[in-house]
Structures are given as C-alpha cells and as structure tokens.
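K.L.:
Structure file final.cif (mmCIF, C-alpha atoms and all ligand atoms) is given on the next line.
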data_model
loop_
_atom_site.group_PDB
_atom_site.id
_atom_site.type_symbol
_atom_site.label_atom_id
_atom_site.label_comp_id
_atom_site.auth_asym_id
_atom_site.auth_seq_id
_atom_site.Cartn_x
_atom_site.Cartn_y
_atom_site.Cartn_z
ATOM 1 C CA MET N 1 -10.504 -11.913 32.568
ATOM 2 C CA THR N 2 -8.358 -14.818 31.486
ATOM 3 C CA GLY N 3 -5.438 -15.547 33.786
ATOM 4 C CA PRO N 4 -2.302 -17.411 32.783
ATOM 5 C CA ALA N 5 -3.356 -20.706 31.230
ATOM 6 C CA GLU N 6 -2.657 -24.193 32.551
ATOM 7 C CA ALA N 7 -2.830 -23.009 36.172
ATOM 8 C CA GLY N 8 -4.255 -26.273 37.374
ATOM 9 C CA ASP N 9 -7.431 -26.152 35.336
ATOM 10 C CA GLY N 10 -5.988 -27.574 32.168
ATOM 11 C CA PRO N 11 -4.825 -26.176 28.848
ATOM 12 C CA VAL N 12 -6.536 -23.184 27.264
ATOM 13 C CA ALA N 13 -7.073 -22.831 23.535
ATOM 14 C CA GLY N 14 -9.416 -20.601 21.605
ATOM 15 C CA VAL N 15 -10.557 -19.134 18.347
ATOM 16 C CA ILE N 16 -9.638 -15.663 17.120
ATOM 17 C CA GLY N 17 -11.242 -13.583 14.391
ATOM 18 C CA THR N 18 -13.481 -10.625 13.784
ATOM 19 C CA PRO N 19 -16.420 -10.891 14.024
ATOM 20 C CA ILE N 20 -16.164 -13.863 16.394
ATOM 21 C CA ALA N 21 -19.420 -13.814 18.381
ATOM 22 C CA HIS N 22 -21.088 -16.483 16.253
ATOM 23 C CA SER N 23 -18.176 -18.914 16.073
ATOM 24 C CA LEU N 24 -19.317 -22.473 16.691
ATOM 25 C CA SER N 25 -15.841 -23.749 17.570
ATOM 26 C CA PRO N 26 -16.375 -23.350 21.361
ATOM 27 C CA VAL N 27 -19.419 -25.635 21.108
ATOM 28 C CA ILE N 28 -17.425 -28.289 19.249
ATOM 29 C CA HIS N 29 -14.390 -28.292 21.537
ATOM 30 C CA GLY N 30 -16.538 -27.863 24.652
ATOM 31 C CA TYR N 31 -18.465 -30.982 23.696
ATOM 32 C CA TRP N 32 -15.317 -33.047 23.179
ATOM 33 C CA LEU N 33 -13.762 -31.813 26.454
ATOM 34 C CA GLU N 34 -16.949 -32.807 28.258
ATOM 35 C CA MET N 35 -17.145 -36.216 26.536
ATOM 36 C CA ALA N 36 -13.504 -37.016 27.315
ATOM 37 C CA GLY N 37 -13.779 -35.661 30.884
ATOM 38 C CA LEU N 38 -10.600 -33.666 30.270
ATOM 39 C CA PRO N 39 -9.574 -30.474 32.049
ATOM 40 C CA GLY N 40 -9.164 -27.461 29.785
ATOM 41 C CA ARG N 41 -11.059 -24.617 28.196
ATOM 42 C CA TYR N 42 -11.737 -23.352 24.705
ATOM 43 C CA VAL N 43 -12.672 -19.695 24.406
ATOM 44 C CA LYS N 44 -13.302 -17.139 21.696
ATOM 45 C CA ARG N 45 -11.570 -13.808 21.362
ATOM 46 C CA GLU N 46 -12.325 -10.861 19.098
ATOM 47 C CA ILE N 47 -9.029 -9.729 17.556
ATOM 48 C CA PRO N 48 -8.981 -6.706 15.243
ATOM 49 C CA VAL N 49 -6.838 -6.669 12.114
ATOM 50 C CA GLU N 50 -4.706 -3.753 13.387
ATOM 51 C CA SER N 51 -3.351 -5.579 16.418
ATOM 52 C CA PHE N 52 -3.230 -9.121 14.996
ATOM 53 C CA ALA N 53 0.535 -9.673 15.151
ATOM 54 C CA ALA N 54 0.896 -8.493 18.758
ATOM 55 C CA ASP N 55 -2.268 -10.236 19.991
ATOM 56 C CA PHE N 56 -1.335 -13.513 18.292
ATOM 57 C CA ARG N 57 2.013 -13.711 20.129
ATOM 58 C CA ARG N 58 0.573 -12.441 23.413
ATOM 59 C CA LEU N 59 -2.149 -15.084 23.546
ATOM 60 C CA LEU N 60 0.360 -17.866 22.895
ATOM 61 C CA THR N 61 3.022 -16.594 25.303
ATOM 62 C CA ILE N 62 1.837 -14.291 28.106
ATOM 63 C CA GLU N 63 -1.676 -15.742 28.226
ATOM 64 C CA GLY N 64 -0.272 -19.214 27.743
ATOM 65 C CA TRP N 65 -2.726 -20.596 25.190
ATOM 66 C CA VAL N 66 -1.605 -23.986 23.854
ATOM 67 C CA GLY N 67 -2.945 -23.068 20.463
ATOM 68 C CA MET N 68 -5.831 -21.587 18.567
ATOM 69 C CA ASN N 69 -8.120 -21.675 15.611
ATOM 70 C CA VAL N 70 -7.844 -18.722 13.310
ATOM 71 C CA THR N 71 -10.791 -17.550 11.301
ATOM 72 C CA VAL N 72 -11.752 -14.675 9.007
ATOM 73 C CA PRO N 73 -9.957 -12.350 8.333
ATOM 74 C CA HIS N 74 -6.713 -13.585 9.905
ATOM 75 C CA LYS N 75 -5.873 -16.853 8.113
ATOM 76 C CA GLU N 76 -3.255 -15.322 5.822
ATOM 77 C CA ALA N 77 -1.763 -13.177 8.595
ATOM 78 C CA ALA N 78 -1.439 -16.283 10.767
ATOM 79 C CA PHE N 79 0.314 -18.023 7.889
ATOM 80 C CA ALA N 80 2.925 -15.256 7.943
ATOM 81 C CA ALA N 81 3.209 -15.187 11.752
ATOM 82 C CA CYS N 82 3.993 -18.878 12.424
ATOM 83 C CA ASP N 83 7.498 -20.291 12.928
ATOM 84 C CA ARG N 84 6.713 -23.501 11.062
ATOM 85 C CA LEU N 85 3.992 -24.641 8.649
ATOM 86 C CA ASP N 86 2.560 -28.021 7.724
ATOM 87 C CA ASP N 87 2.170 -29.097 4.084
ATOM 88 C CA ALA N 88 -1.508 -28.226 3.902
ATOM 89 C CA ALA N 89 -0.916 -24.689 5.210
ATOM 90 C CA ARG N 90 1.838 -24.220 2.646
ATOM 91 C CA ARG N 91 -0.335 -25.483 -0.185
ATOM 92 C CA LEU N 92 -3.257 -23.289 0.810
ATOM 93 C CA GLY N 93 -1.308 -20.198 1.896
ATOM 94 C CA ALA N 94 -3.500 -19.970 4.985
ATOM 95 C CA VAL N 95 -3.470 -21.216 8.583
ATOM 96 C CA ASN N 96 -6.609 -22.132 10.522
ATOM 97 C CA THR N 97 -5.020 -24.114 13.370
ATOM 98 C CA VAL N 98 -2.049 -23.054 15.492
ATOM 99 C CA ILE N 99 -0.113 -25.186 17.967
ATOM 100 C CA ARG N 100 2.382 -23.913 20.517
ATOM 101 C CA HIS N 101 4.881 -26.709 21.017
ATOM 102 C CA GLU N 102 6.645 -27.304 24.313
ATOM 103 C CA ASP N 103 9.892 -25.835 22.960
ATOM 104 C CA GLY N 104 7.998 -22.611 22.142
ATOM 105 C CA VAL N 105 7.866 -23.184 18.384
ATOM 106 C CA ILE N 106 4.573 -21.986 16.923
ATOM 107 C CA GLU N 107 3.295 -24.280 14.196
ATOM 108 C CA GLY N 108 0.607 -23.321 11.683
ATOM 109 C CA ARG N 109 -1.555 -25.972 10.096
ATOM 110 C CA ASN N 110 -4.489 -25.962 7.759
ATOM 111 C CA THR N 111 -7.093 -28.551 8.676
ATOM 112 C CA ASP N 112 -9.798 -27.455 6.199
ATOM 113 C CA LEU N 113 -8.358 -29.818 3.618
ATOM 114 C CA TYR N 114 -8.508 -32.711 6.102
ATOM 115 C CA GLY N 115 -11.983 -31.584 7.221
ATOM 116 C CA PHE N 116 -13.465 -31.687 3.750
ATOM 117 C CA ARG N 117 -11.846 -35.002 2.924
ATOM 118 C CA ALA N 118 -13.013 -36.551 6.208
ATOM 119 C CA SER N 119 -16.562 -35.304 5.680
ATOM 120 C CA LEU N 120 -16.666 -36.981 2.253
ATOM 121 C CA GLU N 121 -15.145 -40.191 3.577
ATOM 122 C CA ALA N 122 -17.646 -40.295 6.454
ATOM 123 C CA SER N 123 -20.542 -40.484 3.990
ATOM 124 C CA PRO N 124 -21.995 -43.989 3.631
ATOM 125 C CA ASP N 125 -22.139 -43.299 -0.117
ATOM 126 C CA TRP N 126 -18.455 -42.459 -0.438
ATOM 127 C CA PRO N 127 -17.213 -46.003 -1.245
ATOM 128 C CA GLN N 128 -19.389 -46.045 -4.386
ATOM 129 C CA VAL N 129 -18.071 -42.735 -5.747
ATOM 130 C CA ARG N 130 -15.743 -43.018 -8.736
ATOM 131 C CA THR N 131 -12.737 -40.711 -8.358
ATOM 132 C CA GLY N 132 -12.957 -39.652 -12.003
ATOM 133 C CA THR N 133 -14.198 -36.138 -12.709
ATOM 134 C CA ALA N 134 -15.040 -33.544 -10.053
ATOM 135 C CA PHE N 135 -16.577 -30.135 -10.683
ATOM 136 C CA VAL N 136 -15.840 -27.496 -8.056
ATOM 137 C CA LEU N 137 -18.020 -24.378 -8.103
ATOM 138 C CA GLY N 138 -16.160 -21.329 -6.753
ATOM 139 C CA ALA N 139 -12.529 -20.289 -6.517
ATOM 140 C CA GLY N 140 -12.144 -18.621 -3.099
ATOM 141 C CA GLY N 141 -10.390 -19.822 0.045
ATOM 142 C CA ALA N 142 -12.828 -22.660 0.624
ATOM 143 C CA ALA N 143 -12.450 -23.875 -2.975
ATOM 144 C CA ARG N 144 -8.704 -24.012 -2.457
ATOM 145 C CA ALA N 145 -9.081 -26.459 0.440
ATOM 146 C CA VAL N 146 -11.671 -28.519 -1.440
ATOM 147 C CA VAL N 147 -9.561 -28.796 -4.599
ATOM 148 C CA ALA N 148 -6.454 -29.773 -2.614
ATOM 149 C CA ALA N 149 -8.476 -32.436 -0.775
ATOM 150 C CA LEU N 150 -9.753 -33.835 -4.082
ATOM 151 C CA GLN N 151 -6.184 -33.966 -5.401
ATOM 152 C CA ASP N 152 -5.205 -35.981 -2.330
ATOM 153 C CA VAL N 153 -8.202 -38.289 -2.698
ATOM 154 C CA GLY N 154 -6.968 -39.005 -6.228
ATOM 155 C CA PHE N 155 -9.529 -37.458 -8.566
ATOM 156 C CA ALA N 156 -8.229 -37.833 -12.119
ATOM 157 C CA ASP N 157 -9.827 -34.644 -13.396
ATOM 158 C CA ILE N 158 -10.841 -31.602 -11.309
ATOM 159 C CA GLN N 159 -12.540 -28.713 -13.081
ATOM 160 C CA ILE N 160 -13.023 -25.356 -11.353
ATOM 161 C CA VAL N 161 -15.906 -23.116 -12.428
ATOM 162 C CA ASN N 162 -16.151 -19.550 -11.149
ATOM 163 C CA ARG N 163 -18.090 -16.365 -11.859
ATOM 164 C CA ASN N 164 -14.741 -14.616 -12.198
ATOM 165 C CA PRO N 165 -12.836 -16.992 -14.521
ATOM 166 C CA ALA N 166 -9.448 -15.392 -13.838
ATOM 167 C CA ARG N 167 -9.709 -16.484 -10.217
ATOM 168 C CA ALA N 168 -10.444 -20.087 -11.271
ATOM 169 C CA GLU N 169 -7.434 -20.039 -13.581
ATOM 170 C CA ALA N 170 -5.193 -18.653 -10.839
ATOM 171 C CA LEU N 171 -6.363 -21.349 -8.413
ATOM 172 C CA ALA N 172 -5.730 -24.123 -10.931
ATOM 173 C CA ARG N 173 -2.263 -22.732 -11.636
ATOM 174 C CA ASP N 174 -1.430 -22.400 -7.927
ATOM 175 C CA LEU N 175 -2.409 -25.936 -7.023
ATOM 176 C CA MET N 176 -1.016 -27.646 -10.097
ATOM 177 C CA ASP N 177 2.002 -29.547 -8.851
ATOM 178 C CA GLY N 178 3.771 -30.208 -12.130
ATOM 179 C CA THR N 179 3.635 -33.978 -11.982
ATOM 180 C CA TRP N 180 -0.106 -34.117 -12.027
ATOM 181 C CA GLY N 181 -2.114 -32.443 -14.745
ATOM 182 C CA GLY N 182 -5.769 -33.163 -13.984
ATOM 183 C CA LEU N 183 -6.686 -29.726 -12.725
ATOM 184 C CA SER N 184 -8.192 -26.997 -14.875
ATOM 185 C CA ALA N 185 -10.458 -23.971 -14.921
ATOM 186 C CA ARG N 186 -13.526 -24.241 -17.105
ATOM 187 C CA ALA N 187 -16.147 -21.804 -18.346
ATOM 188 C CA ARG N 188 -19.599 -21.610 -16.763
ATOM 189 C CA ASP N 189 -21.090 -21.808 -20.257
ATOM 190 C CA GLY N 190 -21.764 -25.397 -21.189
ATOM 191 C CA LEU N 191 -21.449 -26.652 -17.600
ATOM 192 C CA GLU N 192 -24.899 -28.273 -17.652
ATOM 193 C CA GLN N 193 -24.056 -30.144 -20.879
ATOM 194 C CA SER N 194 -20.955 -31.624 -19.236
ATOM 195 C CA LEU N 195 -22.662 -32.868 -16.081
ATOM 196 C CA GLY N 196 -23.078 -36.340 -17.598
ATOM 197 C CA ASP N 197 -19.366 -36.905 -16.926
ATOM 198 C CA CYS N 198 -19.405 -35.604 -13.357
ATOM 199 C CA ASP N 199 -18.705 -38.007 -10.462
ATOM 200 C CA LEU N 200 -18.621 -35.364 -7.731
ATOM 201 C CA LEU N 201 -20.126 -31.878 -7.708
ATOM 202 C CA VAL N 202 -19.122 -29.475 -4.914
ATOM 203 C CA ASN N 203 -20.447 -25.989 -4.230
ATOM 204 C CA THR N 204 -17.886 -23.813 -2.439
ATOM 205 C CA THR N 205 -19.530 -20.483 -3.289
ATOM 206 C CA SER N 206 -21.755 -18.594 -0.897
ATOM 207 C CA LEU N 207 -24.707 -19.067 -3.244
ATOM 208 C CA GLY N 208 -27.537 -20.901 -1.502
ATOM 209 C CA MET N 209 -26.523 -19.558 1.907
ATOM 210 C CA GLU N 210 -29.188 -17.783 3.991
ATOM 211 C CA GLY N 211 -29.455 -14.215 2.730
ATOM 212 C CA GLN N 212 -27.618 -14.983 -0.528
ATOM 213 C CA PRO N 213 -29.070 -15.680 -3.977
ATOM 214 C CA PRO N 214 -29.748 -19.333 -4.798
ATOM 215 C CA LEU N 215 -27.274 -21.384 -6.832
ATOM 216 C CA ASP N 216 -28.757 -21.638 -10.273
ATOM 217 C CA ILE N 217 -27.791 -24.924 -11.897
ATOM 218 C CA ASP N 218 -29.818 -27.438 -13.878
ATOM 219 C CA LEU N 219 -28.981 -30.948 -12.694
ATOM 220 C CA ARG N 220 -30.996 -32.797 -15.370
ATOM 221 C CA ARG N 221 -27.946 -34.414 -16.983
ATOM 222 C CA LEU N 222 -26.224 -35.357 -13.734
ATOM 223 C CA PRO N 223 -25.992 -39.146 -13.226
ATOM 224 C CA GLU N 224 -28.003 -40.272 -10.197
ATOM 225 C CA THR N 225 -24.886 -41.834 -8.693
ATOM 226 C CA THR N 226 -23.002 -38.518 -8.587
ATOM 227 C CA LEU N 227 -22.252 -37.317 -5.063
ATOM 228 C CA VAL N 228 -23.313 -33.708 -4.522
ATOM 229 C CA ALA N 229 -21.637 -31.772 -1.699
ATOM 230 C CA ASP N 230 -22.162 -28.249 -0.435
ATOM 231 C CA ILE N 231 -19.909 -26.481 2.020
ATOM 232 C CA VAL N 232 -22.729 -24.101 2.963
ATOM 233 C CA TYR N 233 -24.391 -25.302 6.197
ATOM 234 C CA ARG N 234 -26.816 -22.464 6.831
ATOM 235 C CA PRO N 235 -29.334 -23.818 5.796
ATOM 236 C CA LEU N 236 -28.191 -27.386 6.281
ATOM 237 C CA GLU N 237 -30.085 -28.518 3.220
ATOM 238 C CA THR N 238 -29.333 -25.937 0.549
ATOM 239 C CA GLY N 239 -31.398 -25.686 -2.624
ATOM 240 C CA LEU N 240 -28.634 -27.578 -4.424
ATOM 241 C CA LEU N 241 -28.744 -30.470 -1.959
ATOM 242 C CA ALA N 242 -32.555 -30.536 -1.862
ATOM 243 C CA THR N 243 -32.732 -30.784 -5.663
ATOM 244 C CA ALA N 244 -30.011 -33.424 -5.780
ATOM 245 C CA ARG N 245 -31.585 -35.486 -3.023
ATOM 246 C CA ALA N 246 -35.033 -35.311 -4.633
ATOM 247 C CA ARG N 247 -33.662 -36.855 -7.840
ATOM 248 C CA GLY N 248 -31.892 -39.618 -5.926
ATOM 249 C CA ASN N 249 -28.310 -38.355 -5.705
ATOM 250 C CA PRO N 250 -26.266 -38.997 -2.573
ATOM 251 C CA VAL N 251 -25.494 -35.709 -0.790
ATOM 252 C CA VAL N 252 -23.016 -34.390 1.798
ATOM 253 C CA ASP N 253 -23.913 -31.216 3.688
ATOM 254 C CA GLY N 254 -21.506 -28.508 4.817
ATOM 255 C CA LEU N 255 -21.621 -29.156 8.547
ATOM 256 C CA GLY N 256 -19.304 -32.183 8.292
ATOM 257 C CA MET N 257 -16.378 -30.087 7.054
ATOM 258 C CA LEU N 258 -16.764 -27.646 9.961
ATOM 259 C CA LEU N 259 -16.855 -30.461 12.522
ATOM 260 C CA HIS N 260 -14.090 -32.636 11.064
ATOM 261 C CA GLN N 261 -11.656 -29.735 10.579
ATOM 262 C CA ALA N 262 -11.714 -29.295 14.364
ATOM 263 C CA VAL N 263 -10.422 -32.820 15.128
ATOM 264 C CA PRO N 264 -6.643 -32.316 14.586
ATOM 265 C CA GLY N 265 -6.547 -29.137 16.718
ATOM 266 C CA PHE N 266 -8.379 -30.804 19.592
ATOM 267 C CA GLN N 267 -5.961 -33.723 19.531
ATOM 268 C CA ALA N 268 -2.890 -31.481 19.496
ATOM 269 C CA TRP N 269 -4.047 -29.145 22.294
ATOM 270 C CA PHE N 270 -5.883 -31.387 24.717
ATOM 271 C CA LYS N 271 -4.156 -34.725 23.995
ATOM 272 C CA PRO N 272 -7.180 -36.985 24.524
ATOM 273 C CA PRO N 273 -6.412 -40.700 24.935
ATOM 274 C CA VAL N 274 -8.642 -41.443 21.924
ATOM 275 C CA ALA N 275 -9.494 -39.234 18.955
ATOM 276 C CA PRO N 276 -12.699 -37.200 19.347
ATOM 277 C CA THR N 277 -15.605 -38.341 17.202
ATOM 278 C CA VAL N 278 -17.956 -36.416 14.966
ATOM 279 C CA ASP N 279 -21.225 -37.972 16.065
ATOM 280 C CA ALA N 280 -24.956 -37.241 15.886
ATOM 281 C CA GLU N 281 -24.976 -35.562 19.312
ATOM 282 C CA LEU N 282 -22.218 -33.144 18.271
ATOM 283 C CA ARG N 283 -24.155 -32.284 15.117
ATOM 284 C CA ARG N 284 -27.293 -31.708 17.211
ATOM 285 C CA ARG N 285 -25.519 -29.416 19.689
ATOM 286 C CA VAL N 286 -23.872 -27.339 16.992
ATOM 287 C CA LEU N 287 -27.099 -26.979 15.012
ATOM 288 C CA ASP N 288 -28.959 -25.999 18.210
ATOM 289 C CA ALA N 289 -26.335 -23.404 19.114
ATOM 290 C CA ALA N 290 -26.438 -21.972 15.606
ATOM 291 C CA GLY N 291 -30.220 -21.987 15.440
ATOM 292 C CA ILE N 292 -30.106 -24.134 12.295
ATOM 293 C CA GLU N 293 -32.988 -26.462 11.631
ATOM 294 C CA ASP N 294 -31.897 -30.098 11.285
ATOM 295 C CA THR N 295 -33.268 -31.054 7.905
ATOM 296 C CA ALA N 296 -31.038 -34.116 7.460
ATOM 297 C CA ARG N 297 -32.730 -37.471 7.687
HETATM 298 P P1 LIG P 301 -14.413 -18.309 0.836
HETATM 299 O O1 LIG P 301 -13.102 -18.011 1.477
HETATM 300 O O2 LIG P 301 -15.505 -18.679 1.775
HETATM 301 O O3 LIG P 301 -14.294 -19.272 -0.301
HETATM 302 P P2 LIG P 301 -14.443 -16.037 -0.994
HETATM 303 O O4 LIG P 301 -12.978 -16.122 -1.148
HETATM 304 O O5 LIG P 301 -15.099 -14.710 -0.804
HETATM 305 O O6 LIG P 301 -14.939 -16.896 0.268
HETATM 306 O O7 LIG P 301 -15.122 -16.808 -2.229
HETATM 307 C C1 LIG P 301 -16.488 -16.779 -2.476
HETATM 308 C C2 LIG P 301 -16.800 -17.576 -3.729
HETATM 309 O O8 LIG P 301 -18.207 -17.473 -3.990
HETATM 310 C C3 LIG P 301 -16.088 -17.063 -4.976
HETATM 311 O O9 LIG P 301 -15.860 -18.149 -5.841
HETATM 312 C C4 LIG P 301 -17.140 -16.110 -5.561
HETATM 313 O O10 LIG P 301 -17.012 -15.896 -6.938
HETATM 314 P P3 LIG P 301 -16.031 -14.700 -7.499
HETATM 315 O O11 LIG P 301 -14.626 -15.190 -7.334
HETATM 316 O O12 LIG P 301 -16.434 -14.573 -8.920
HETATM 317 O O13 LIG P 301 -16.332 -13.497 -6.649
HETATM 318 C C5 LIG P 301 -18.390 -16.908 -5.286
HETATM 319 N N1 LIG P 301 -19.587 -16.049 -5.282
HETATM 320 C C6 LIG P 301 -19.997 -15.229 -4.300
HETATM 321 N N2 LIG P 301 -21.140 -14.591 -4.671
HETATM 322 C C7 LIG P 301 -21.439 -15.040 -5.917
HETATM 323 C C8 LIG P 301 -22.484 -14.761 -6.848
HETATM 324 N N3 LIG P 301 -23.476 -13.895 -6.546
HETATM 325 N N4 LIG P 301 -22.489 -15.405 -8.032
HETATM 326 C C9 LIG P 301 -21.497 -16.288 -8.335
HETATM 327 N N5 LIG P 301 -20.475 -16.588 -7.504
HETATM 328 C C10 LIG P 301 -20.439 -15.970 -6.308
#
Take the structure from the file and write it as structure tokens.
Ligand code: ATR

P.N.:
Amino acid sequence: MTGPAEAGDGPVAGVIGTPIAHSLSPVIHGYWLEMAGLPGRYVKREIPVESFAADFRRLLTIEGWVGMNVTVPHKEAAFAACDRLDDAARRLGAVNTVIRHEDGVIEGRNTDLYGFRASLEASPDWPQVRTGTAFVLGAGGAARAVVAALQDVGFADIQIVNRNPARAEALARDLMDGTWGGLSARARDGLEQSLGDCDLLVNTTSLGMEGQPPLDIDLRRLPETTLVADIVYRPLETGLLATARARGNPVVDGLGMLLHQAVPGFQAWFKPPVAPTVDAELRRRVLDAAGIEDTAR
C-alpha cells in the first residue's frame, strides 16, 4: 500500500499503463536514484482504461506523486487530461511524461522525441552522418516521434514508408509545419532502388521484434556510410541491424531511445544536482531485467 508521498522518504513517481508488469522504467529510475544517492521511489501501477481520468488525478493529488510516465494505452488520454503541454506533446498529440508543479499545475510532456534524438547523437558515428535524406519505415506513434526528431535535427528530406499508405500520408500532413516542405509519404514499391540516396534509415515498425515477422528489405544499394537505426530493442540486434552491421553500416539499436527518453522526467521529479547519464551499467541492468541478450559489441 502506498501512503501519501514525500513523507520523509523522498518524492514518489511512477509509470502507469496496462499491461504494466514488464515496464523497464522502474529499473532505469531506480538505477539513477541509487547512483545519485537521492531519496525517492519510482513505482509501477496498473491503470485500466475505464478509470484512467480518476486514477490519473488521484495519483497526482491524494497519493502525492510528483509525476509519472504514461505508457500504452494512455498516452492520448493523458494528453487530454493535463493542464499544460510542452511543444513536443502538442506536436505528437501524446504525453509520456507528466510533472506536477508546486502550484498544482499538471504539465504533460513528450520525451520520446528527445529520446530518439539523444540516442542518435550519442552514437560515435553521428557526427559523420549527412542530414540529407532520411527514410522512416512505419507511421504509428513511434514514427511520429522519430519524424519530429529528424525535423528538429534538420534533415532536408524525410520520407515515410508504411504498409498502409494512407497512414503515412496523414502523418506527413500532420507534421508538416508550412514553412518546411521536406516531409513526404512514399510508396513501398521502388524503396530499394532509392536507397542509394538514403543517409539515415529508421525502422519504427514492430517488424523484427521477437514474435513478429522479420523486416524484409534489401540493403544492397544502401551506401555503407548510411546510419541504420531500429527502435525495436527485443532483440537488441534485429535482423535489420545485423544485416546493416555485417555490410559495414553504422547502427543504433532501440534501447538508447528507451533510456534517453527517461532523462527529462527524472530531472524534473527528483531534481538531481547533475543530469543522470545513460551509461553501460544502465544498459546492462535494463537488459538483464528484461532478459535480453546483450549482442552489442
Ligand atoms: P507504435 O505506437 O509502436 O508505433 P503502432 O501505432 O501500432 O505502434 O504502429 C505500428 C507500425 O508498424 C505501423 O506503421 C504498422 O503499419 P500499418 O500502419 O500499416 O499497420 C507497422 N506494422 C506492424 N505490423 C506490420 C506488418 N506485418 N507489416 C508491415 N508493417 C507493419
């Protein structure tokens, strides 16, 4: 039973969703609390769709949480329930990080955009990547964050490819900001022939994930300098990344996005004197907790 938060043992934050049992967020925040020697707790709570609105307010008021992460299926409901939104949340129409400010205002942020950008920028290969043309595979919620991050990074041309082309078109339309035209939906047909112009290839679909079909793409025409990223992290080295790596391409796995997206929430809730770091030990702990084999070298 959780008592009122901040009763001498530090702030309490947590993650809500359903199902929530396998969330790795407690491992991430627990590690940073331990490293910083800070008081506080980060818990997980199963919240059904039916009672979301009431539970959301109760956790932040009566239970005194300083904030929370919001995961599937509540990100859009959280967007609607917050008093104030940051730019990223507004652009993505979804909230994954909530902060209760001292004046009681409940702010919704979306840190997935930051998380993907930070995971790219943490790659030793990132400085060599030309911000010319990016191909994004998929058009769901994760693609939305990835495309917005690539807009912010300054890619001149972002092309979205999706099984359901109408969804790719809708995403391109939604994120087009009027002043900047380099965002489009493209057909799957002919993708392989266009890979010669690709500077960054990102998979945001669930293809290649454990239990899902593999991502079927022929990389023969892809320049060896092209960075290949996957947001799938189970397995850590997806078929796409294994093929890319074998032919000499730099790769970024999906774990980085998960870890980096947690940084802004931790800072807002627990106020560490220095920003938490995404280091090798954190990766090891999260992979251990998830039972994922560490195939990175
Ligand atoms: P998320 O929020 O994680 O992005 P999502 O919104 O369900 O999840 O999106 C999943 C993405 O994977 C979509 O782009 C989906 O394609 P559709 O929009 O055509 O459904 C893609 N995807 C999932 N299974 C797929 C499959 N078997 N073949 C091709 N694309 C697939």

K.L.:
Using only C-alpha atoms, which residue out of N:Glu63, N:Asp197, N:Asp112, N:Asp253 lies closest to Arg91 (chain N)?

P.N.:
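Among the listed residues, the smallest separation from Arg91 (chain N) belongs to N:Asp112.
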
K.L.:
Just the residues within 7 Å of region 280-292 of chain N, please, counting all atoms listed in the file, with nothing from its chain fewer than 4 positions along; format it as a PDB file with C-alpha atoms, in the frame of the given file.

P.N.:
ATOM      1  CA  LEU N  24     -19.317 -22.473  16.691  1.00  0.00           C
ATOM      2  CA  VAL N  27     -19.419 -25.635  21.108  1.00  0.00           C
ATOM      3  CA  ILE N  28     -17.425 -28.289  19.249  1.00  0.00           C
ATOM      4  CA  TYR N  31     -18.465 -30.982  23.696  1.00  0.00           C
ATOM      5  CA  ARG N 234     -26.816 -22.464   6.831  1.00  0.00           C
ATOM      6  CA  PRO N 235     -29.334 -23.818   5.796  1.00  0.00           C
TER       7      PRO N 235
END

K.L.:
Near Ala80 (chain N), within 10 Å and counting all atoms listed in the file, which residues show up once chain neighbours fewer than 2 positions away are dropped, as a PyMOL selection string?

P.N.:
chain N and resi 53+74-78+82-85+93-95+108

K.L.:
Kindly export the residues of the current selection with C-alpha atoms, as a short mmCIF file (atom, residue, chain, number, x, y, z; two decimals), in the coordinates of the input.

P.N.:
data_model
loop_
_atom_site.label_atom_id
_atom_site.label_comp_id
_atom_site.auth_asym_id
_atom_site.auth_seq_id
_atom_site.Cartn_x
_atom_site.Cartn_y
_atom_site.Cartn_z
CA ALA N 53 0.54 -9.67 15.15
CA HIS N 74 -6.71 -13.58 9.90
CA LYS N 75 -5.87 -16.85 8.11
CA GLU N 76 -3.26 -15.32 5.82
CA ALA N 77 -1.76 -13.18 8.60
CA ALA N 78 -1.44 -16.28 10.77
CA CYS N 82 3.99 -18.88 12.42
CA ASP N 83 7.50 -20.29 12.93
CA ARG N 84 6.71 -23.50 11.06
CA LEU N 85 3.99 -24.64 8.65
CA GLY N 93 -1.31 -20.20 1.90
CA ALA N 94 -3.50 -19.97 4.99
CA VAL N 95 -3.47 -21.22 8.58
CA GLY N 108 0.61 -23.32 11.68
#

K.L.:
Starting from the shown file, work through the PyMOL selection byres (((not hetatm)) within 7 of (chain P and resi 301)) and note down what comes out as a list in words.

P.N.:
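Against this file, the PyMOL selection byres (((not hetatm)) within 7 of (chain P and resi 301)) returns the residues Leu137, Gly138, Ala139, Gly140, Gly141, Ala142, Ala143, Asn162, Arg163, Asn164, Arg167, Thr204, Thr205, Ser206, Leu207 and Pro213 of chain N.
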
K.L.:
When you count all atoms listed in the file, which of these residues is closest to Arg130 (chain N): N:Ala81, N:Met68, N:Leu227, N:Ala187?

P.N.:
N:Leu227

K.L.:
Centre and edge lengths, as lines of an AutoDock Vina configuration file, for the axis-aligned box enclosing every listed atom of region 185-203 of chain N with 5 Å of padding on each of the six sides, in Å to one decimal?

P.N.:
center_x = -17.7
center_y = -29.8
center_z = -12.7
size_x = 24.4
size_y = 26.4
size_z = 27.0
